[in-house]
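**Student:** Please find work-v2.txt (compact mmCIF, C-alpha atoms) on the next line:
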```txt
# COMPACT_ATOMS: atom_id res chain seq x y z
CA MET A 1 -21.37 7.00 -2.01
CA GLU A 2 -23.65 5.50 -4.64
CA LEU A 3 -20.95 4.44 -7.09
CA LEU A 4 -19.17 2.48 -4.37
CA LYS A 5 -22.38 0.79 -3.24
CA GLN A 6 -23.08 -0.31 -6.81
CA ARG A 7 -19.61 -1.84 -7.06
CA ILE A 8 -20.14 -3.67 -3.77
CA LEU A 9 -23.49 -5.01 -4.98
CA THR A 10 -22.22 -6.11 -8.39
CA GLU A 11 -18.74 -7.38 -7.48
CA GLY A 12 -18.80 -8.09 -3.74
CA SER A 13 -19.59 -11.47 -2.29
CA VAL A 14 -20.55 -12.58 1.20
CA ARG A 15 -18.55 -15.40 2.73
CA PRO A 16 -19.10 -17.46 5.88
CA GLY A 17 -18.17 -15.74 9.12
CA GLY A 18 -19.32 -12.27 8.12
CA VAL A 19 -16.60 -11.82 5.52
CA LEU A 20 -17.26 -9.39 2.68
CA LYS A 21 -15.06 -10.06 -0.30
CA VAL A 22 -14.42 -6.93 -2.37
CA ASP A 23 -11.07 -7.99 -3.75
CA SER A 24 -11.82 -7.08 -7.35
CA PHE A 25 -11.53 -3.35 -6.73
CA LEU A 26 -10.54 -2.51 -3.14
CA ASN A 27 -7.88 -4.68 -1.55
CA HIS A 28 -6.33 -7.30 -3.83
CA GLN A 29 -6.94 -5.94 -7.30
CA ILE A 30 -7.27 -2.17 -6.97
CA ASP A 31 -9.21 0.03 -9.37
CA PRO A 32 -7.32 3.34 -9.37
CA ILE A 33 -10.21 5.27 -10.92
CA LEU A 34 -12.65 4.25 -8.19
CA THR A 35 -9.92 4.79 -5.59
CA ASP A 36 -9.49 8.39 -6.78
CA GLN A 37 -13.24 8.92 -6.56
CA ILE A 38 -13.25 7.49 -3.03
CA ALA A 39 -10.41 9.82 -2.08
CA ALA A 40 -12.24 12.81 -3.56
CA GLU A 41 -15.29 11.96 -1.47
CA PHE A 42 -13.18 11.84 1.71
CA CYS A 43 -11.57 15.17 0.81
CA HIS A 44 -15.04 16.64 0.33
CA ARG A 45 -16.40 15.29 3.60
CA PHE A 46 -13.41 16.47 5.60
CA GLU A 47 -12.85 19.73 3.76
CA SER A 48 -13.56 21.79 6.89
CA ALA A 49 -11.01 19.84 8.93
CA ARG A 50 -7.40 20.89 9.28
CA ILE A 51 -5.45 17.83 8.24
CA ASP A 52 -1.70 17.72 7.69
CA ARG A 53 -1.06 13.99 7.64
CA VAL A 54 -2.86 10.79 6.62
CA LEU A 55 -2.21 7.72 8.76
CA THR A 56 -3.06 4.13 7.82
CA MET A 57 -1.92 0.65 8.72
CA GLU A 58 -0.31 -1.71 6.25
CA ALA A 59 -1.40 -3.12 3.94
CA SER A 60 -4.91 -2.93 2.52
CA GLY A 61 -5.61 0.70 3.45
CA ILE A 62 -2.54 2.02 1.65
CA PRO A 63 -3.99 2.75 -1.82
CA VAL A 64 -6.94 4.77 -0.51
CA ALA A 65 -4.79 6.55 2.09
CA TYR A 66 -2.25 7.39 -0.59
CA ALA A 67 -4.93 8.73 -2.91
CA VAL A 68 -6.28 10.99 -0.14
CA ALA A 69 -2.81 12.25 0.77
CA ARG A 70 -2.10 12.90 -2.90
CA GLN A 71 -5.26 14.95 -3.37
CA LEU A 72 -4.59 16.91 -0.19
CA GLY A 73 -0.90 17.33 -1.06
CA ILE A 74 0.23 16.11 2.37
CA PRO A 75 2.34 13.16 3.54
CA MET A 76 0.94 9.72 4.27
CA VAL A 77 2.38 7.62 7.08
CA VAL A 78 2.01 3.84 7.12
CA ALA A 79 2.05 2.16 10.53
CA ARG A 80 4.16 -0.95 10.05
CA LYS A 81 3.06 -4.29 11.39
CA ARG A 82 6.41 -5.60 12.56
CA HIS A 83 9.65 -4.26 13.80
CA SER A 84 11.75 -4.19 10.68
CA VAL A 85 15.45 -3.45 10.54
CA ASN A 86 14.61 -0.35 8.54
CA LEU A 87 12.57 1.12 11.36
CA ASP A 88 15.12 1.47 14.12
CA GLY A 89 15.28 4.59 16.23
CA GLU A 90 12.57 6.26 18.20
CA ILE A 91 9.18 4.71 17.65
CA HIS A 92 5.65 4.74 18.98
CA ALA A 93 4.22 1.24 19.34
CA ALA A 94 0.68 0.00 19.95
CA GLU A 95 -0.86 -3.43 20.31
CA VAL A 96 -3.56 -4.60 17.92
CA ALA A 97 -6.44 -6.28 19.79
CA SER A 98 -6.62 -8.96 17.09
CA GLY A 99 -2.92 -9.74 17.59
CA GLY A 100 0.51 -8.31 16.95
CA SER A 101 1.69 -4.75 17.25
CA VAL A 102 2.38 -1.85 14.95
CA ILE A 103 4.89 0.94 15.04
CA VAL A 104 5.41 4.38 13.65
CA ALA A 105 8.61 6.39 13.83
CA LYS A 106 8.29 9.32 16.25
CA LYS A 107 9.65 11.73 13.69
CA PHE A 108 6.69 11.04 11.40
CA LEU A 109 3.90 11.43 13.97
CA GLN A 110 4.36 14.29 16.38
CA GLU A 111 2.63 16.49 18.89
CA GLY A 112 0.68 19.14 17.03
CA ASP A 113 0.03 16.95 13.99
CA HIS A 114 -3.56 16.83 12.77
CA VAL A 115 -4.18 13.42 11.31
CA LEU A 116 -6.86 11.73 9.25
CA LEU A 117 -6.99 7.98 9.87
CA VAL A 118 -7.91 5.97 6.78
CA ASP A 119 -8.68 2.31 6.25
CA ASP A 120 -10.54 0.17 3.74
CA ILE A 121 -12.90 -1.78 6.00
CA LEU A 122 -14.14 -1.20 9.55
CA ALA A 123 -15.54 -4.16 11.47
CA ASN A 124 -14.62 -4.50 15.15
CA GLY A 125 -12.43 -1.44 14.89
CA PHE A 126 -9.31 -3.07 16.25
CA ALA A 127 -7.03 -1.60 13.60
CA MET A 128 -8.53 1.86 14.00
CA GLN A 129 -8.19 1.77 17.78
CA THR A 130 -4.54 0.91 17.31
CA LEU A 131 -4.04 3.91 15.03
CA ILE A 132 -5.77 6.09 17.63
CA SER A 133 -3.38 4.74 20.28
CA LEU A 134 -0.43 5.69 18.08
CA ALA A 135 -1.83 9.19 17.59
CA ASP A 136 -2.42 9.51 21.34
CA ALA A 137 1.10 8.34 22.09
CA ALA A 138 2.44 10.99 19.73
CA GLY A 139 0.21 13.75 21.08
CA ALA A 140 -1.31 14.16 17.63
CA THR A 141 -4.94 15.18 17.11
CA VAL A 142 -7.25 12.79 15.27
CA GLU A 143 -9.30 15.09 13.05
CA GLY A 144 -11.34 12.30 11.58
CA ILE A 145 -11.60 8.70 10.48
CA GLY A 146 -12.26 7.81 6.85
CA ILE A 147 -13.55 4.30 6.16
CA VAL A 148 -14.45 2.95 2.74
CA ILE A 149 -16.79 0.18 3.91
CA GLU A 150 -18.19 -0.07 7.43
CA LYS A 151 -19.79 -3.28 8.59
CA GLY A 152 -22.58 -1.54 10.48
CA PHE A 153 -23.66 -4.77 12.15
CA GLN A 154 -20.33 -5.01 13.95
CA GLU A 155 -19.45 -2.74 16.81
CA GLY A 156 -16.43 -0.76 15.61
CA GLY A 157 -18.30 2.16 14.12
CA HIS A 158 -20.67 2.60 17.07
CA ARG A 159 -17.80 2.50 19.54
CA LEU A 160 -15.68 5.03 17.66
CA ARG A 161 -18.59 7.45 17.22
CA ASN A 162 -19.47 7.06 20.90
CA LEU A 163 -15.91 8.02 21.73
CA GLY A 164 -16.56 11.27 19.89
CA PHE A 165 -14.58 10.64 16.74
CA ARG A 166 -15.84 12.02 13.48
CA LEU A 167 -16.15 8.87 11.39
CA GLU A 168 -17.12 9.03 7.73
CA ALA A 169 -17.90 5.70 6.08
CA LEU A 170 -18.68 5.79 2.36
CA ALA A 171 -20.80 2.63 2.50
CA ILE A 172 -22.34 1.26 5.67
CA ILE A 173 -23.58 -2.29 5.43
CA ASP A 174 -26.60 -3.05 7.60
CA THR A 175 -27.00 -6.71 6.71
CA MET A 176 -25.27 -9.32 4.60
CA ASP A 177 -26.64 -12.79 4.10
CA GLU A 178 -24.11 -15.49 3.33
CA THR A 179 -26.84 -17.83 2.04
CA THR A 180 -28.55 -15.51 -0.42
CA GLY A 181 -25.61 -13.16 -0.90
CA GLN A 182 -27.91 -10.21 -0.28
CA ILE A 183 -26.34 -7.01 1.01
CA THR A 184 -28.32 -4.07 2.39
CA PHE A 185 -26.95 -0.63 3.15
CA HIS A 186 -27.71 1.88 5.86
CA ASP A 187 -30.05 4.67 4.65
CA MET B 1 16.15 10.35 -11.90
CA GLU B 2 17.97 13.34 -10.47
CA LEU B 3 15.24 14.50 -8.09
CA LEU B 4 15.10 11.06 -6.49
CA LYS B 5 18.87 10.88 -6.11
CA GLN B 6 18.87 14.25 -4.38
CA ARG B 7 16.24 13.05 -1.91
CA ILE B 8 18.26 9.91 -1.22
CA LEU B 9 21.38 11.99 -0.60
CA THR B 10 19.69 14.52 1.65
CA GLU B 11 17.27 12.26 3.56
CA GLY B 12 18.60 8.73 3.23
CA SER B 13 20.88 7.13 5.76
CA VAL B 14 23.09 4.08 5.62
CA ARG B 15 22.69 1.52 8.39
CA PRO B 16 24.78 -1.52 9.32
CA GLY B 17 24.24 -4.58 7.15
CA GLY B 18 23.80 -2.72 3.88
CA VAL B 19 20.48 -1.19 4.89
CA LEU B 20 19.45 2.05 3.20
CA LYS B 21 16.86 3.93 5.21
CA VAL B 22 14.65 6.11 3.02
CA ASP B 23 11.63 6.06 5.28
CA SER B 24 11.00 9.80 5.17
CA PHE B 25 9.64 9.69 1.63
CA LEU B 26 9.45 6.17 0.21
CA ASN B 27 8.25 3.44 2.54
CA HIS B 28 7.14 4.61 5.97
CA GLN B 29 6.27 8.24 5.45
CA ILE B 30 5.34 8.64 1.80
CA ASP B 31 5.65 11.86 -0.17
CA PRO B 32 2.81 11.72 -2.71
CA ILE B 33 4.30 14.46 -4.89
CA LEU B 34 7.59 12.62 -5.33
CA THR B 35 5.68 9.34 -5.75
CA ASP B 36 3.72 10.84 -8.64
CA GLN B 37 6.94 12.04 -10.23
CA ILE B 38 8.44 8.56 -9.83
CA ALA B 39 5.34 7.05 -11.45
CA ALA B 40 5.53 9.50 -14.33
CA GLU B 41 9.14 8.50 -14.93
CA PHE B 42 8.18 4.82 -15.05
CA CYS B 43 5.33 5.61 -17.46
CA HIS B 44 7.80 7.47 -19.67
CA ARG B 45 10.40 4.71 -19.63
CA PHE B 46 7.86 2.00 -20.41
CA GLU B 47 5.73 4.01 -22.81
CA SER B 48 6.51 1.68 -25.72
CA ALA B 49 5.45 -1.39 -23.74
CA ARG B 50 1.95 -2.80 -23.78
CA ILE B 51 0.99 -2.98 -20.13
CA ASP B 52 -2.49 -3.79 -18.85
CA ARG B 53 -1.77 -4.55 -15.22
CA VAL B 54 0.66 -3.48 -12.49
CA LEU B 55 1.76 -6.14 -10.02
CA THR B 56 3.50 -5.52 -6.71
CA MET B 57 3.94 -7.30 -3.39
CA GLU B 58 2.61 -5.94 -0.12
CA ALA B 59 3.42 -3.66 1.46
CA SER B 60 6.10 -1.10 0.69
CA GLY B 61 5.76 -1.14 -3.09
CA ILE B 62 2.05 -0.34 -3.01
CA PRO B 63 2.14 3.49 -3.19
CA VAL B 64 4.43 3.60 -6.22
CA ALA B 65 2.61 0.74 -7.94
CA TYR B 66 -0.71 2.46 -7.31
CA ALA B 67 0.59 5.75 -8.71
CA VAL B 68 1.79 4.01 -11.88
CA ALA B 69 -1.52 2.15 -12.33
CA ARG B 70 -3.39 5.39 -11.77
CA GLN B 71 -1.40 7.25 -14.42
CA LEU B 72 -1.80 4.38 -16.89
CA GLY B 73 -5.50 3.97 -16.02
CA ILE B 74 -5.13 0.22 -15.46
CA PRO B 75 -5.67 -2.05 -12.44
CA MET B 76 -3.03 -2.78 -9.84
CA VAL B 77 -2.79 -6.20 -8.22
CA VAL B 78 -1.14 -6.69 -4.84
CA ALA B 79 0.35 -10.13 -4.15
CA ARG B 80 -0.61 -10.89 -0.56
CA LYS B 81 1.91 -12.26 1.87
CA ARG B 82 -0.30 -14.68 3.71
CA HIS B 83 -3.34 -16.77 3.03
CA SER B 84 -6.12 -14.59 4.35
CA VAL B 85 -9.72 -15.66 4.77
CA ASN B 86 -10.62 -13.05 2.17
CA LEU B 87 -8.51 -14.74 -0.47
CA ASP B 88 -10.14 -18.12 -0.81
CA GLY B 89 -10.79 -19.63 -4.20
CA GLU B 90 -8.37 -20.24 -7.00
CA ILE B 91 -4.94 -18.79 -6.37
CA HIS B 92 -1.43 -18.79 -7.70
CA ALA B 93 1.17 -19.16 -4.96
CA ALA B 94 4.94 -18.68 -4.95
CA GLU B 95 7.61 -19.04 -2.31
CA VAL B 96 9.77 -16.06 -1.35
CA ALA B 97 13.43 -17.05 -1.08
CA SER B 98 13.78 -14.91 2.04
CA GLY B 99 10.89 -16.79 3.67
CA GLY B 100 7.13 -17.16 3.45
CA SER B 101 4.93 -17.28 0.41
CA VAL B 102 2.66 -14.95 -1.49
CA ILE B 103 -0.53 -15.47 -3.40
CA VAL B 104 -2.57 -13.83 -6.08
CA ALA B 105 -6.09 -14.79 -7.11
CA LYS B 106 -6.14 -16.48 -10.52
CA LYS B 107 -8.90 -14.20 -11.73
CA PHE B 108 -6.65 -11.16 -11.30
CA LEU B 109 -3.57 -12.51 -13.10
CA GLN B 110 -4.29 -14.47 -16.24
CA GLU B 111 -2.81 -15.84 -19.41
CA GLY B 112 -2.52 -13.03 -21.92
CA ASP B 113 -2.02 -10.34 -19.28
CA HIS B 114 0.90 -7.98 -19.86
CA VAL B 115 2.24 -6.93 -16.49
CA LEU B 116 4.64 -4.37 -15.15
CA LEU B 117 6.24 -5.47 -11.88
CA VAL B 118 6.92 -2.60 -9.48
CA ASP B 119 8.72 -2.41 -6.16
CA ASP B 120 10.42 0.21 -4.05
CA ILE B 121 13.84 -1.36 -3.50
CA LEU B 122 15.75 -4.11 -5.29
CA ALA B 123 18.55 -5.86 -3.43
CA ASN B 124 18.86 -9.65 -3.83
CA GLY B 125 15.78 -9.68 -5.98
CA PHE B 126 13.92 -12.30 -3.94
CA ALA B 127 10.62 -10.40 -3.98
CA MET B 128 10.90 -9.71 -7.70
CA GLN B 129 11.66 -13.34 -8.51
CA THR B 130 8.56 -14.31 -6.57
CA LEU B 131 6.44 -11.91 -8.62
CA ILE B 132 7.97 -13.37 -11.80
CA SER B 133 7.04 -16.85 -10.57
CA LEU B 134 3.44 -15.70 -10.06
CA ALA B 135 3.33 -14.22 -13.55
CA ASP B 136 4.80 -17.42 -15.00
CA ALA B 137 2.25 -19.53 -13.12
CA ALA B 138 -0.52 -17.39 -14.58
CA GLY B 139 0.88 -17.44 -18.10
CA ALA B 140 1.16 -13.66 -18.01
CA THR B 141 3.91 -11.77 -19.83
CA VAL B 142 6.32 -9.64 -17.79
CA GLU B 143 6.72 -6.52 -19.91
CA GLY B 144 9.11 -4.89 -17.52
CA ILE B 145 10.29 -4.32 -13.99
CA GLY B 146 10.18 -0.88 -12.39
CA ILE B 147 12.36 -0.33 -9.33
CA VAL B 148 12.70 2.94 -7.46
CA ILE B 149 16.07 2.24 -5.85
CA GLU B 150 18.39 -0.57 -6.92
CA LYS B 151 21.26 -1.60 -4.69
CA GLY B 152 23.65 -2.11 -7.56
CA PHE B 153 26.21 -3.75 -5.29
CA GLN B 154 23.83 -6.64 -4.64
CA GLU B 155 23.06 -9.25 -7.23
CA GLY B 156 19.32 -8.86 -7.89
CA GLY B 157 19.58 -6.38 -10.73
CA HIS B 158 22.35 -8.21 -12.55
CA ARG B 159 20.52 -11.52 -12.32
CA LEU B 160 17.22 -10.13 -13.56
CA ARG B 161 18.87 -8.33 -16.50
CA ASN B 162 20.82 -11.49 -17.36
CA LEU B 163 17.52 -13.35 -17.46
CA GLY B 164 16.46 -10.91 -20.18
CA PHE B 165 14.05 -8.77 -18.23
CA ARG B 166 13.78 -5.11 -19.01
CA LEU B 167 14.56 -3.55 -15.65
CA GLU B 168 14.37 0.19 -15.12
CA ALA B 169 15.75 1.46 -11.82
CA LEU B 170 15.40 5.18 -11.16
CA ALA B 171 18.41 5.32 -8.87
CA ILE B 172 21.14 2.70 -8.84
CA ILE B 173 23.43 2.81 -5.83
CA ASP B 174 26.99 1.73 -6.53
CA THR B 175 28.36 2.13 -3.02
CA MET B 176 27.13 3.06 0.41
CA ASP B 177 29.43 3.47 3.37
CA GLU B 178 27.88 2.90 6.79
CA THR B 179 30.77 4.67 8.53
CA THR B 180 30.81 7.89 6.53
CA GLY B 181 27.20 7.67 5.29
CA GLN B 182 28.45 8.37 1.77
CA ILE B 183 26.30 7.11 -1.08
CA THR B 184 27.44 7.00 -4.70
CA PHE B 185 25.25 6.33 -7.71
CA HIS B 186 25.85 4.47 -10.94
CA ASP B 187 26.62 6.88 -13.84
```
Is it possible to express this structure as structure tokens?

**Tutor:**
Amino acid sequence: MELLKQRILTEGSVRPGGVLKVDSFLNHQIDPILTDQIAAEFCHRFESARIDRVLTMEASGIPVAYAVARQLGIPMVVARKRHSVNLDGEIHAAEVASGGSVIVAKKFLQEGDHVLLVDDILANGFAMQTLISLADAAGATVEGIGIVIEKGFQEGGHRLRNLGFRLEALAIIDTMDETTGQITFHD
Amino acid sequence: MELLKQRILTEGSVRPGGVLKVDSFLNHQIDPILTDQIAAEFCHRFESARIDRVLTMEASGIPVAYAVARQLGIPMVVARKRHSVNLDGEIHAAEVASGGSVIVAKKFLQEGDHVLLVDDILANGFAMQTLISLADAAGATVEGIGIVIEKGFQEGGHRLRNLGFRLEALAIIDTMDETTGQITFHD
């Protein structure tokens, strides 16, 4: 998605430890116009898929996931990071490899559901694997994975594609240099 | 907002400890159609205010705040609950009375900004007071506070109105009975 890549190049910055900072439009300050365009691109790429639910994990994937759900006219479900008092009752739970666990109420993720998993950034894929575990636990079908920015030099994307998931990333970063700040994209 | 009250009555449930569970449409599963209607109501109620930025706290206020920002065509800023590696640099920080602290990058909340604070539920008002502290630290003007559901029997709303803030709550709950499940609204 060319518009997204331009925003990454003009506003993104590369920080030590392979961190890409895109907080001016994606995950701290959010640009709703770009977010709607991102959502439209996901809807286009997954238009042949039967999707009846968007699933994301709190917190930074929520705006994009919401925008996709809104355009598709279907519910969004947010996997919560901790066991809150408001989430009692029957739940699916899954560990996150990077620490902690997330839950989703069983009534909102069920056998027969066709879900699109959405997140802002894919690196090692820990968050996405947790969402897949939740979908598996529910007996739901993962129709696809929508990622705004994939760090192509980390293993998450390769692993998920090798597992057979249809993963659409709107910008795939091949290299980022924390010294020069240079970012190159796949393709 | 009648439509919202009907959803609370039909789908909400009252749990011990004054907890209102509205997770089927507001903060776990999210109904994007209702969320858009909620946002439109906030835009209508604050149409005379000059607002150039929507501020919320992660995570459950994000969908409504995003929908408002989208309809107004202005950025949304999400105050983050922890100091993440992606949020280095100059920040405003504020303690939350219920525990922890939140931050917002200085470049995204500045002197001269006119902000609308948005959250899903107002009870004691701790989260909202933290957002006000962030706005004060930045020198930004709080033009208003938009709350989806106010627990009118708790003190947050009274305190914020007494402080002179313009607070618009789309449903104000006067009483909720955890034994009978009965909910009554203000007005």

**Student:** Give me, as a list in words, the contact residues of chain A against chain B at a cut-off of 7 Å, counting all atoms listed in the file.

**Tutor:**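 Output check: Val19, Lys21, His28, Gln29, Ile30, Asp31, Pro32, Ile33, Glu58, Ala59, Ile62, Pro63, Tyr66, Ala69, Arg70, Gly73, Pro75, Met76, Val77, Val78, Asn86 and Phe108 of chain A.
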
**Student:** Produce the least-squares-superposed copy of chain B, fitted on chain A over all in-order C-alpha pairs, as a short mmCIF file (atom, residue, chain, number, x, y, z; two decimals) with C-alpha atoms, in the frame of the given file.

**Tutor:**
```cif
data_model
loop_
_atom_site.label_atom_id
_atom_site.label_comp_id
_atom_site.auth_asym_id
_atom_site.auth_seq_id
_atom_site.Cartn_x
_atom_site.Cartn_y
_atom_site.Cartn_z
CA MET B 1 -21.37 7.01 -2.01
CA GLU B 2 -23.64 5.52 -4.64
CA LEU B 3 -20.93 4.44 -7.09
CA LEU B 4 -19.17 2.48 -4.36
CA LYS B 5 -22.38 0.79 -3.24
CA GLN B 6 -23.07 -0.29 -6.81
CA ARG B 7 -19.61 -1.85 -7.07
CA ILE B 8 -20.14 -3.67 -3.78
CA LEU B 9 -23.48 -5.00 -4.99
CA THR B 10 -22.22 -6.11 -8.39
CA GLU B 11 -18.74 -7.39 -7.46
CA GLY B 12 -18.80 -8.09 -3.74
CA SER B 13 -19.58 -11.47 -2.28
CA VAL B 14 -20.54 -12.57 1.19
CA ARG B 15 -18.53 -15.39 2.73
CA PRO B 16 -19.09 -17.45 5.89
CA GLY B 17 -18.15 -15.72 9.13
CA GLY B 18 -19.30 -12.26 8.13
CA VAL B 19 -16.58 -11.81 5.53
CA LEU B 20 -17.25 -9.39 2.68
CA LYS B 21 -15.02 -10.06 -0.30
CA VAL B 22 -14.41 -6.93 -2.36
CA ASP B 23 -11.06 -7.98 -3.74
CA SER B 24 -11.82 -7.08 -7.35
CA PHE B 25 -11.55 -3.35 -6.71
CA LEU B 26 -10.55 -2.52 -3.14
CA ASN B 27 -7.88 -4.68 -1.55
CA HIS B 28 -6.34 -7.29 -3.83
CA GLN B 29 -6.97 -5.95 -7.29
CA ILE B 30 -7.28 -2.18 -6.98
CA ASP B 31 -9.23 0.03 -9.36
CA PRO B 32 -7.34 3.34 -9.36
CA ILE B 33 -10.23 5.26 -10.92
CA LEU B 34 -12.66 4.25 -8.19
CA THR B 35 -9.93 4.79 -5.58
CA ASP B 36 -9.49 8.38 -6.76
CA GLN B 37 -13.24 8.92 -6.57
CA ILE B 38 -13.26 7.49 -3.03
CA ALA B 39 -10.41 9.83 -2.08
CA ALA B 40 -12.23 12.81 -3.55
CA GLU B 41 -15.28 11.96 -1.47
CA PHE B 42 -13.18 11.83 1.70
CA CYS B 43 -11.57 15.17 0.80
CA HIS B 44 -15.04 16.65 0.34
CA ARG B 45 -16.40 15.28 3.61
CA PHE B 46 -13.40 16.47 5.61
CA GLU B 47 -12.86 19.74 3.78
CA SER B 48 -13.56 21.80 6.90
CA ALA B 49 -10.99 19.86 8.94
CA ARG B 50 -7.38 20.89 9.28
CA ILE B 51 -5.44 17.82 8.23
CA ASP B 52 -1.69 17.72 7.68
CA ARG B 53 -1.06 13.99 7.65
CA VAL B 54 -2.85 10.79 6.63
CA LEU B 55 -2.23 7.71 8.76
CA THR B 56 -3.09 4.14 7.81
CA MET B 57 -1.94 0.64 8.72
CA GLU B 58 -0.31 -1.71 6.25
CA ALA B 59 -1.39 -3.10 3.96
CA SER B 60 -4.89 -2.92 2.53
CA GLY B 61 -5.63 0.68 3.45
CA ILE B 62 -2.56 2.02 1.66
CA PRO B 63 -4.02 2.75 -1.81
CA VAL B 64 -6.95 4.77 -0.49
CA ALA B 65 -4.80 6.55 2.09
CA TYR B 66 -2.25 7.39 -0.59
CA ALA B 67 -4.94 8.74 -2.91
CA VAL B 68 -6.30 10.99 -0.14
CA ALA B 69 -2.81 12.26 0.77
CA ARG B 70 -2.10 12.89 -2.89
CA GLN B 71 -5.27 14.94 -3.37
CA LEU B 72 -4.60 16.92 -0.19
CA GLY B 73 -0.90 17.34 -1.06
CA ILE B 74 0.23 16.11 2.36
CA PRO B 75 2.33 13.16 3.53
CA MET B 76 0.94 9.72 4.27
CA VAL B 77 2.37 7.61 7.08
CA VAL B 78 2.00 3.84 7.12
CA ALA B 79 2.05 2.15 10.54
CA ARG B 80 4.17 -0.95 10.05
CA LYS B 81 3.06 -4.29 11.39
CA ARG B 82 6.39 -5.60 12.54
CA HIS B 83 9.65 -4.24 13.80
CA SER B 84 11.75 -4.16 10.67
CA VAL B 85 15.46 -3.47 10.55
CA ASN B 86 14.64 -0.35 8.56
CA LEU B 87 12.60 1.10 11.39
CA ASP B 88 15.14 1.46 14.15
CA GLY B 89 15.31 4.59 16.24
CA GLU B 90 12.57 6.25 18.20
CA ILE B 91 9.17 4.70 17.65
CA HIS B 92 5.66 4.72 18.97
CA ALA B 93 4.22 1.22 19.33
CA ALA B 94 0.68 -0.02 19.93
CA GLU B 95 -0.86 -3.44 20.32
CA VAL B 96 -3.56 -4.62 17.92
CA ALA B 97 -6.42 -6.29 19.78
CA SER B 98 -6.61 -8.97 17.10
CA GLY B 99 -2.92 -9.76 17.61
CA GLY B 100 0.52 -8.31 16.96
CA SER B 101 1.69 -4.76 17.25
CA VAL B 102 2.39 -1.85 14.95
CA ILE B 103 4.89 0.94 15.04
CA VAL B 104 5.41 4.38 13.65
CA ALA B 105 8.61 6.40 13.82
CA LYS B 106 8.29 9.31 16.25
CA LYS B 107 9.64 11.74 13.69
CA PHE B 108 6.69 11.03 11.39
CA LEU B 109 3.90 11.42 13.96
CA GLN B 110 4.35 14.28 16.39
CA GLU B 111 2.62 16.48 18.89
CA GLY B 112 0.69 19.14 17.02
CA ASP B 113 0.04 16.94 13.98
CA HIS B 114 -3.55 16.83 12.76
CA VAL B 115 -4.18 13.41 11.29
CA LEU B 116 -6.85 11.73 9.25
CA LEU B 117 -6.99 7.98 9.86
CA VAL B 118 -7.93 5.97 6.78
CA ASP B 119 -8.69 2.30 6.24
CA ASP B 120 -10.54 0.17 3.75
CA ILE B 121 -12.90 -1.77 6.01
CA LEU B 122 -14.16 -1.20 9.55
CA ALA B 123 -15.54 -4.16 11.46
CA ASN B 124 -14.62 -4.48 15.16
CA GLY B 125 -12.44 -1.43 14.89
CA PHE B 126 -9.30 -3.08 16.27
CA ALA B 127 -7.01 -1.61 13.60
CA MET B 128 -8.54 1.85 14.00
CA GLN B 129 -8.18 1.77 17.78
CA THR B 130 -4.53 0.90 17.31
CA LEU B 131 -4.03 3.90 15.03
CA ILE B 132 -5.78 6.09 17.63
CA SER B 133 -3.40 4.74 20.28
CA LEU B 134 -0.43 5.69 18.08
CA ALA B 135 -1.81 9.19 17.58
CA ASP B 136 -2.42 9.52 21.32
CA ALA B 137 1.11 8.34 22.08
CA ALA B 138 2.45 10.98 19.71
CA GLY B 139 0.23 13.75 21.05
CA ALA B 140 -1.30 14.15 17.61
CA THR B 141 -4.93 15.17 17.10
CA VAL B 142 -7.26 12.78 15.27
CA GLU B 143 -9.29 15.08 13.04
CA GLY B 144 -11.33 12.30 11.58
CA ILE B 145 -11.61 8.71 10.47
CA GLY B 146 -12.26 7.80 6.84
CA ILE B 147 -13.55 4.30 6.15
CA VAL B 148 -14.47 2.95 2.74
CA ILE B 149 -16.80 0.19 3.91
CA GLU B 150 -18.20 -0.06 7.43
CA LYS B 151 -19.80 -3.28 8.60
CA GLY B 152 -22.56 -1.53 10.48
CA PHE B 153 -23.65 -4.77 12.12
CA GLN B 154 -20.34 -4.99 13.97
CA GLU B 155 -19.46 -2.73 16.84
CA GLY B 156 -16.43 -0.76 15.61
CA GLY B 157 -18.31 2.16 14.12
CA HIS B 158 -20.66 2.60 17.05
CA ARG B 159 -17.81 2.51 19.55
CA LEU B 160 -15.68 5.01 17.66
CA ARG B 161 -18.60 7.44 17.22
CA ASN B 162 -19.49 7.07 20.90
CA LEU B 163 -15.91 8.02 21.73
CA GLY B 164 -16.57 11.28 19.88
CA PHE B 165 -14.61 10.64 16.73
CA ARG B 166 -15.85 12.02 13.47
CA LEU B 167 -16.16 8.89 11.38
CA GLU B 168 -17.14 9.04 7.73
CA ALA B 169 -17.90 5.70 6.08
CA LEU B 170 -18.69 5.79 2.37
CA ALA B 171 -20.80 2.65 2.49
CA ILE B 172 -22.33 1.27 5.66
CA ILE B 173 -23.59 -2.29 5.42
CA ASP B 174 -26.60 -3.04 7.59
CA THR B 175 -26.99 -6.71 6.69
CA MET B 176 -25.26 -9.31 4.61
CA ASP B 177 -26.64 -12.78 4.10
CA GLU B 178 -24.10 -15.50 3.31
CA THR B 179 -26.82 -17.83 2.03
CA THR B 180 -28.53 -15.50 -0.42
CA GLY B 181 -25.56 -13.14 -0.90
CA GLN B 182 -27.90 -10.21 -0.29
CA ILE B 183 -26.33 -7.02 1.01
CA THR B 184 -28.32 -4.08 2.37
CA PHE B 185 -26.96 -0.64 3.16
CA HIS B 186 -27.75 1.85 5.88
CA ASP B 187 -30.08 4.64 4.61
#
```

**Student:** For a quick check of understanding, using all atoms listed in the file, which of B:Gly18, B:Gly144, B:Gly125, B:Gly112 has the smallest distance to Gly157 (chain B)?

**Tutor:**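 For Gly157 (chain B), the nearest of the candidates is B:Gly125.
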
**Student:** Have a look at CA of Glu11 (chain A) and CA of Asp136 (chain B) and let me know their distance in Å, one decimal.

**Tutor:**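 Distance reported for this atom pair: 26.7 Å.
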